[in-house]
Every structure is written in C-alpha cells, then in structure tokens.
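One structure is given here, and the rest of the page talks about it.
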Amino acid sequence: MAEAPEPTRDDASAVQEPTAENGASRKESNLAVWSYVLYNFGNTPFQLTILVLYFPLWLTEQYGAGPALFNYATSVAASLVVLIAPALGALCDLHQSRLRYLVGLTLITVLFTFGLGFTNALTGSLFVAIVVFVVAVVAYQLIQVPYYALLPSVAE
C-alpha cells in the first residue's frame, strides 16, 4: 500500500497573529470588545427604565391611562420592528456600513427618549407621548440589527 502524500502548507494557512476581521491589530480588537461591553451596559437601562418601570407608571399617573394603552403602544412598536428589521438588515449588508446605522439609531433612541420628558410640558397630548414612545422603542429594537451584525468583527 502506498502512503498518502503529506499535505502541503502554503503561507496563507500558516498561523498568524490574532487580528479582528477587518485587519485591526490586537489592541484595536480589545478596544472593540470593551466598546461592545460598555455599549451593552449602556443600553440595558433603557429596557429597565422606559419599557418596564417608569413609562407605564408615568402613563398611569400623568394621563390616567391604563395598562392596555401601554400594551397597545408596545405591540404597535413590535409590529413596526417586524416589518422594518429585514429591510434594515438588507441595507446594512448592502452598504457594509453597520456602524453608521448603529450610531444613527442610537441617536434617534436617545433623542426621542429625552423627548418623552417634554411631551407633557410642550403639548400635553397623550397621543404625542405615545408616538414619541413608539419611535424610541422601534429605534431601540432596530439597533439590534447592526449591533449583532458587527459582533463577528469583535469576537474571535
């Protein structure tokens, strides 16, 4: 029996210095990982404060609205996310600039969340407060599309 020839190695398959997917150095890769950790730590309070605790209480105390209105607004936001997220994912893949979408959606979320505090003073309208809430929640949920698409460039 003839022995199988030993596979040849080329330079492309040699072990290389660990780098991020985009060719960044190890130090830049660590910066990306810590940026992800801090970003995740920063977006968690939105869920706690807006979606779980303060906004439902604020609707009840400020406008006398029951929990049904909060549930309807949340379901409208979830429906919009279901409709928009696939198109956003395709745009992120098409343009290959996921960070731009991440930053833009983060700014929209921050501005509309900040705007919730002024809806009563400026308009006093429950409808405006619900619209601002829905836009903030939709933008927050859509952040997850570019956020998770960027994860392979951060993690090994």
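Each chain of the structure tokens is named A, B, ... in the order shown, its residues numbered from 1; ligands are numbered from 1 in display order.
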
Every residue of chain A that DSSP places in helix (DSSP H, G or I), as an MDAnalysis selection string: chainID A and resid 11:13 26:63 67:95 98:116 119:122 126:142 144:154

Near A:Ala73, counting only C-alpha atoms, which residues have an atom at most 9 Å away, once you skip same-chain residues fewer than 3 positions from it, shown as an MDAnalysis selection string? chainID A and resid 68:70 76:78 130:131 133:134

Can you work out the spacing between atom CA of A:Thr74 and atom CA of A:Phe127 in Å, to one decimal?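 Computing the Euclidean distance for atom CA of A:Thr74 and atom CA of A:Phe127 yields 13.8 Å.
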
Please list as number ranges by chain every residue within 10 Å of A:Gln141, counting only C-alpha atoms and excluding residues in the same chain fewer than 6 positions away. A: 77-78, 80-82, 85, 105, 109, 135

Could you pull the residues within 12 Å of A:Ala90, counting only C-alpha atoms, minus those fewer than 6 positions along the same chain, as an NGL selection string? :A and (84 or 96-98 or 101 or 145-146 or 149)

For the selection just defined, write its residues with all heavy atoms to a file, as an mmCIF file, in the first residue's frame.
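selection.cif written:
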data_model
loop_
_atom_site.group_PDB
_atom_site.id
_atom_site.type_symbol
_atom_site.label_atom_id
_atom_site.label_comp_id
_atom_site.auth_asym_id
_atom_site.auth_seq_id
_atom_site.Cartn_x
_atom_site.Cartn_y
_atom_site.Cartn_z
ATOM 1 N N ILE A 84 -39.813 46.396 9.612
ATOM 2 C CA ILE A 84 -38.656 47.200 9.194
ATOM 3 C C ILE A 84 -37.337 46.440 9.303
ATOM 4 O O ILE A 84 -36.424 46.650 8.493
ATOM 5 C CB ILE A 84 -38.592 48.504 10.024
ATOM 6 C CG1 ILE A 84 -39.836 49.354 9.768
ATOM 7 C CG2 ILE A 84 -37.342 49.309 9.695
ATOM 8 C CD1 ILE A 84 -39.976 50.530 10.715
ATOM 9 N N GLN A 96 -22.533 47.801 3.802
ATOM 10 C CA GLN A 96 -21.381 47.393 4.610
ATOM 11 C C GLN A 96 -20.913 48.504 5.553
ATOM 12 O O GLN A 96 -19.727 48.667 5.803
ATOM 13 C CB GLN A 96 -20.221 46.946 3.718
ATOM 14 C CG GLN A 96 -20.481 45.674 2.949
ATOM 15 C CD GLN A 96 -20.608 44.472 3.862
ATOM 16 O OE1 GLN A 96 -19.821 44.314 4.773
ATOM 17 N NE2 GLN A 96 -21.595 43.642 3.625
ATOM 18 N N SER A 97 -21.867 49.292 6.019
ATOM 19 C CA SER A 97 -21.528 50.343 6.985
ATOM 20 C C SER A 97 -22.474 50.231 8.170
ATOM 21 O O SER A 97 -23.322 51.080 8.385
ATOM 22 C CB SER A 97 -21.614 51.720 6.337
ATOM 23 O OG SER A 97 -22.922 51.951 5.855
ATOM 24 N N ARG A 98 -22.330 49.170 8.912
ATOM 25 C CA ARG A 98 -23.239 48.881 10.017
ATOM 26 C C ARG A 98 -23.069 49.869 11.170
ATOM 27 O O ARG A 98 -24.030 50.181 11.864
ATOM 28 C CB ARG A 98 -23.020 47.453 10.492
ATOM 29 C CG ARG A 98 -23.409 46.449 9.436
ATOM 30 C CD ARG A 98 -22.980 45.047 9.802
ATOM 31 N NE ARG A 98 -23.283 44.132 8.735
ATOM 32 C CZ ARG A 98 -22.400 43.676 7.873
ATOM 33 N NH1 ARG A 98 -21.150 44.051 7.965
ATOM 34 N NH2 ARG A 98 -22.760 42.849 6.916
ATOM 35 N N TYR A 101 -25.339 52.902 10.887
ATOM 36 C CA TYR A 101 -26.716 52.624 11.281
ATOM 37 C C TYR A 101 -26.837 52.483 12.792
ATOM 38 O O TYR A 101 -27.826 52.932 13.389
ATOM 39 C CB TYR A 101 -27.229 51.359 10.592
ATOM 40 C CG TYR A 101 -27.445 51.541 9.116
ATOM 41 C CD1 TYR A 101 -26.538 51.053 8.186
ATOM 42 C CD2 TYR A 101 -28.552 52.225 8.646
ATOM 43 C CE1 TYR A 101 -26.733 51.231 6.830
ATOM 44 C CE2 TYR A 101 -28.762 52.409 7.294
ATOM 45 C CZ TYR A 101 -27.849 51.907 6.386
ATOM 46 O OH TYR A 101 -28.046 52.093 5.055
ATOM 47 N N VAL A 145 -30.178 45.061 15.034
ATOM 48 C CA VAL A 145 -29.803 44.540 13.711
ATOM 49 C C VAL A 145 -28.330 44.831 13.405
ATOM 50 O O VAL A 145 -27.543 43.915 13.182
ATOM 51 C CB VAL A 145 -30.744 45.079 12.617
ATOM 52 C CG1 VAL A 145 -30.274 44.678 11.235
ATOM 53 C CG2 VAL A 145 -32.172 44.597 12.863
ATOM 54 N N PRO A 146 -27.883 46.104 13.383
ATOM 55 C CA PRO A 146 -26.454 46.326 13.127
ATOM 56 C C PRO A 146 -25.566 45.903 14.305
ATOM 57 O O PRO A 146 -24.418 45.525 14.113
ATOM 58 C CB PRO A 146 -26.351 47.822 12.867
ATOM 59 C CG PRO A 146 -27.558 48.419 13.470
ATOM 60 C CD PRO A 146 -28.624 47.368 13.421
ATOM 61 N N ALA A 149 -24.887 42.312 13.845
ATOM 62 C CA ALA A 149 -24.138 42.111 12.597
ATOM 63 C C ALA A 149 -22.662 42.497 12.779
ATOM 64 O O ALA A 149 -21.796 41.955 12.093
ATOM 65 C CB ALA A 149 -24.755 42.926 11.479
#
